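Okay, structure first, notes after.
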Amino acid sequence: MKLLIKTGIVSAILFGTGLFANFATAQETQSQSPLPVVKPNAANRPDELFYDAVKARMLGNEQQEEELLMQFIKLKPEEPAAYYDLARLSISRNRADKATEYIKKAISLDGDNKWYKEQYANILALRNQYAEAAAEFEKLAGEQKKNEDYLLKAALMYQRASKYKEALAVMDKLIVAFGPDEDYMMQKEQLYLKLNDANSAAAILDQLIAKNPREPRYYALQAELYDNNKQPEKAAAAYKKLQDMFPGDPVAQLSLAGYYRKNKDNVKYEEYVKKAIVNKDLDAETQISLLLPYLQELNGDSARRTEGVALAGQLAVQHSTNPKVVSFYGDVLALNDDRDKAVVQYKKSLALDPSAYTVWQQLLYSYTDRKNADSLILYSEKALRLFPNQALVHYLNGIGHFNKKEYTAAIRSMNRAIDMQPEDNAELLAEMYSSRGDAYNTIKEYALSDSSYEKAVQLDPKNPTVLNNYSYYLSLRGVRLDDAEKMSRQSLQLKPEEATFMDTYGWILYKQGKYEKAKEYIRKAIDANEQHADATLYEHLGDVFYKLNSVDKAVEYWRIAKEKGGDNQLIDKKIQERKLYE
């Protein structure tokens, strides 16, 4: 809005291009060593000293500039310009009291100089003496013909001092001098609201509507004003007018959505927020910013979440050449477990902008399951041509090779990833070590597998998956069972409802000969997810029953394991011979 821009200009004049800027320069120059030094031309000639002080300022040596100015005012104490410069230097060094002393001295010597008075007002503002600063700016405005900036500064300072009536009086002066500019009128409306004078604020909006009756923003502001100030009948009438006059305007739609939401009319709220989200008069960034919170609201409702996905799809069609909108649609699809369609959108986005690393990441993550090993290898290699120094891309390339059972290639890529990945992201680095441990374990390089897992545990000691996997590998080999039991128990403490972790703990107890306890945990693992419990769980339970001398039960569970696709080569032999083979 224009109002915000003007206020920003005032702040920049006060604090950006003025004294704060000088302070920043001072800090920068003080950090440089050594500073350039000016050799004084003639210490007994004041004008030469002043000239040398200017040269020191140009060289960035504020300390020497100050010393030269101090010498100058001893020889020529009635020269106001030197005190003005000393005030500036004092502010840059956070010596507000000295700055005030110097600028007052300059003004006492030259009371007509507007720059001295302006600096004094700025110093008052920097000292948080806003009312006094406002009075000084208002005096300056009365003395100058071109006084718009001074009046604006005065109004701003009065607002900061919470003197809203005085600020209103200044705004009236601005309107008389420069006309009923929208910025000034809106500023008055806000000041009336600060004074809890809703009727006067509404009257300002009436004036703006009369001047520009086709501007929906004014109607929306007035409707919201009535609603926020407990005038429901006026609010309802204003919203009805807004709805009738501007049915397709995004400002009106958003205002109406807010109104209906506040009044718990969810049907109307959804109607208008959806209209706003896909309104072609809004830019893509604004549309996405509206859709995001709406999607979050729908998170627990699968039917309405489908509507949210459809809205994201509409935006992707509207902005089919905008890679960010297209990839956003991909993200929405991925969050709704529609990875195949998400992949299509990510590829479209990358065709428009192949430099978008985060989109490459999302695409690669979409291919991390075993069935997509070839795609993960292919697209990670494409990404590596663009981002050869990204550790994550090397790591995901390694995951692709691991899923394809190309373990040597997987280890090679994972080693590159580990070498590149900084330790400040300990969780990711631990995951890399853990995956490398999986690969080494698969090719029976057990010492290297264990050292990888030890590093993973060191980096991320509370990662339940790392603890579970490491302990399971140890149990399969029947080594360090006490360590395995401790790590497995810790993983269950971190995620007590995780079926896989229960099975691991039960299996370790089995390896320790604690069969009854082992049966309890493996049974829990199956019960926690009976519909989807995998073959390994049933095979483990069968092994436990065999050790408990319940051969019929053991064979029963081995058969279930086989039906569920168990790939243990010994499963048929176990069933046929009714005997445990490990």
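Following the order of the structure tokens, chains are lettered A, B, ..., residues in each are numbered from 1, and ligands are numbered from 1.
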
I'd like the neighbourhood of range 42-58 of chain A as a tab-separated table (two decimals) with all heavy atoms, in the first residue's frame, where a residue qualifies if any of its atoms comes within 7 Å (using only C-alpha atoms), though same-chain residues fewer than 4 positions away should be ignored.
```tsv
chain	number	residue	atom	x	y	z
A	37	VAL	N	45.65	8.19	7.67
A	37	VAL	CA	45.87	9.35	8.53
A	37	VAL	C	46.19	10.56	7.66
A	37	VAL	O	46.96	10.48	6.72
A	37	VAL	CB	47.03	9.09	9.52
A	37	VAL	CG1	47.31	10.33	10.33
A	37	VAL	CG2	46.69	7.91	10.43
A	38	VAL	N	45.54	11.69	8.02
A	38	VAL	CA	45.81	12.95	7.32
A	38	VAL	C	46.89	13.71	8.09
A	38	VAL	O	46.80	13.85	9.31
A	38	VAL	CB	44.53	13.81	7.24
A	38	VAL	CG1	44.82	15.16	6.61
A	38	VAL	CG2	43.45	13.08	6.44
A	62	GLU	N	37.32	8.45	11.57
A	62	GLU	CA	36.48	9.31	12.41
A	62	GLU	C	37.24	9.81	13.64
A	62	GLU	O	37.00	10.92	14.11
A	62	GLU	CB	35.22	8.56	12.84
A	62	GLU	CG	34.24	8.34	11.70
A	62	GLU	CD	32.91	7.82	12.19
A	62	GLU	OE1	32.82	7.46	13.38
A	62	GLU	OE2	31.96	7.79	11.39
A	64	GLN	N	40.43	10.61	13.92
A	64	GLN	CA	41.24	11.77	13.57
A	64	GLN	C	40.36	12.98	13.23
A	64	GLN	O	40.70	14.13	13.59
A	64	GLN	CB	42.16	11.46	12.40
A	64	GLN	CG	43.20	12.58	12.18
A	64	GLN	CD	44.07	12.36	10.98
A	64	GLN	OE1	43.68	11.67	10.05
A	64	GLN	NE2	45.25	12.95	10.98
A	65	GLU	N	39.22	12.70	12.57
A	65	GLU	CA	38.31	13.80	12.25
A	65	GLU	C	37.88	14.51	13.54
A	65	GLU	O	37.89	15.75	13.62
A	65	GLU	CB	37.08	13.26	11.52
A	65	GLU	CG	36.08	14.35	11.17
A	65	GLU	CD	34.75	13.80	10.66
A	65	GLU	OE1	34.58	12.58	10.62
A	65	GLU	OE2	33.87	14.63	10.34
A	68	LEU	N	40.73	16.62	15.06
A	68	LEU	CA	40.96	17.85	14.30
A	68	LEU	C	39.85	18.88	14.56
A	68	LEU	O	40.10	20.08	14.68
A	68	LEU	CB	41.05	17.54	12.81
A	68	LEU	CG	42.31	16.76	12.39
A	68	LEU	CD1	42.16	16.20	10.98
A	68	LEU	CD2	43.56	17.67	12.46
A	69	LEU	N	38.60	18.40	14.67
A	69	LEU	CA	37.49	19.32	14.94
A	69	LEU	C	37.61	19.91	16.34
A	69	LEU	O	37.30	21.10	16.55
A	69	LEU	CB	36.15	18.58	14.80
A	69	LEU	CG	35.72	18.24	13.37
A	69	LEU	CD1	34.51	17.31	13.38
A	69	LEU	CD2	35.40	19.51	12.57
A	72	PHE	N	40.00	22.58	16.13
A	72	PHE	CA	39.43	23.70	15.39
A	72	PHE	C	38.57	24.59	16.31
A	72	PHE	O	38.68	25.82	16.28
A	72	PHE	CB	38.59	23.15	14.24
A	72	PHE	CG	37.81	24.20	13.49
A	72	PHE	CD1	38.41	25.00	12.52
A	72	PHE	CD2	36.47	24.43	13.78
A	72	PHE	CE1	37.69	25.97	11.86
A	72	PHE	CE2	35.74	25.40	13.13
A	72	PHE	CZ	36.36	26.17	12.15
A	75	LEU	N	40.34	27.02	18.49
A	75	LEU	CA	40.82	28.22	17.81
A	75	LEU	C	39.69	29.08	17.27
A	75	LEU	O	39.82	30.29	17.14
A	75	LEU	CB	41.75	27.82	16.64
A	75	LEU	CG	43.02	27.06	17.05
A	75	LEU	CD1	43.72	26.51	15.83
A	75	LEU	CD2	43.96	27.99	17.82
A	76	LYS	N	38.55	28.44	16.95
A	76	LYS	CA	37.44	29.17	16.33
A	76	LYS	C	36.12	28.68	16.95
A	76	LYS	O	35.34	27.96	16.32
A	76	LYS	CB	37.45	28.94	14.82
A	76	LYS	CG	36.77	30.04	14.02
A	76	LYS	CD	37.08	29.88	12.53
A	76	LYS	CE	36.44	31.01	11.73
A	76	LYS	NZ	36.76	30.88	10.29
```

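For the set A:Phe402, A:Tyr218, A:Gln63, A:Asp353, the residue with the smallest atom-to-atom gap to Arg93 in chain A is A:Gln63, counting only C-alpha atoms.
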
Discussion item. Would you pick out the contacts of range 256-258 of chain A at 6 Å or less, using only C-alpha atoms, so that residues sharing its chain but fewer than 6 positions from it are not included, and give the list as a ChimeraX atom specification?
Written reply: /A:269,272-273

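With only C-alpha atoms taken into account, the protein and nucleic acid residues at most 12 Å from Gln207 in chain A (excluding it and anything under 6 positions from it in its own chain) are Pro180, Asp181, Glu182, Met185, Met186, Lys188, Glu189, Ser200, Ala201, Pro213, Tyr218, Tyr219 and Gln222 of chain A.
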
Go ahead and write the residues just picked, C-alpha atoms, as a PDB file, in the first residue's frame.
```pdb
ATOM      1  CA  PRO A 180      -7.016  14.509   0.639  1.00  0.00           C
ATOM      2  CA  ASP A 181      -4.385  12.002  -0.430  1.00  0.00           C
ATOM      3  CA  GLU A 182      -5.433   8.377   0.241  1.00  0.00           C
ATOM      4  CA  MET A 185      -6.888   9.739   4.911  1.00  0.00           C
ATOM      5  CA  MET A 186      -6.010   6.149   5.816  1.00  0.00           C
ATOM      6  CA  LYS A 188      -6.343   9.513   9.937  1.00  0.00           C
ATOM      7  CA  GLU A 189      -8.632   6.482   9.982  1.00  0.00           C
ATOM      8  CA  SER A 200     -15.020   9.017  12.938  1.00  0.00           C
ATOM      9  CA  ALA A 201     -12.905   6.259  11.393  1.00  0.00           C
ATOM     10  CA  PRO A 213     -16.892   4.174  -5.333  1.00  0.00           C
ATOM     11  CA  TYR A 218     -12.628   0.690   1.204  1.00  0.00           C
ATOM     12  CA  TYR A 219     -15.891  -1.239   1.533  1.00  0.00           C
ATOM     13  CA  GLN A 222     -15.456  -0.392   6.573  1.00  0.00           C
TER      14      GLN A 222
END
```

Residues near Asn529 in chain A, cut-off 10 Å, only C-alpha atoms, skip fewer than 4 positions along chain, as a short mmCIF file (atom, residue, chain, number, x, y, z; two decimals) with C-alpha atoms, in the first residue's frame:
```cif
data_model
loop_
_atom_site.label_atom_id
_atom_site.label_comp_id
_atom_site.auth_asym_id
_atom_site.auth_seq_id
_atom_site.Cartn_x
_atom_site.Cartn_y
_atom_site.Cartn_z
CA GLU A 498 6.78 -49.81 16.93
CA ALA A 499 6.08 -53.43 15.88
CA THR A 500 9.44 -53.92 14.16
CA LYS A 524 3.00 -58.13 20.58
CA ALA A 525 4.69 -57.18 17.32
CA ALA A 533 2.55 -58.19 9.84
CA ASP A 534 5.28 -59.48 7.53
#
```

Discussion item. Measuring between only C-alpha atoms, which one of A:Glu406, A:Gln314, A:Asn228, A:Gln345 shows the shortest distance to Ser327 in chain A?
Written reply: A:Gln345

Practice prompt. Run DSSP on the backbone and give me the residues of range 28-173 of chain A it puts in alpha helix (DSSP H), as a PyMOL selection string.
Written response: chain A and resi 28-30+46-58+62-75+80-92+96-109+114-126+130-143+148-160+164-173
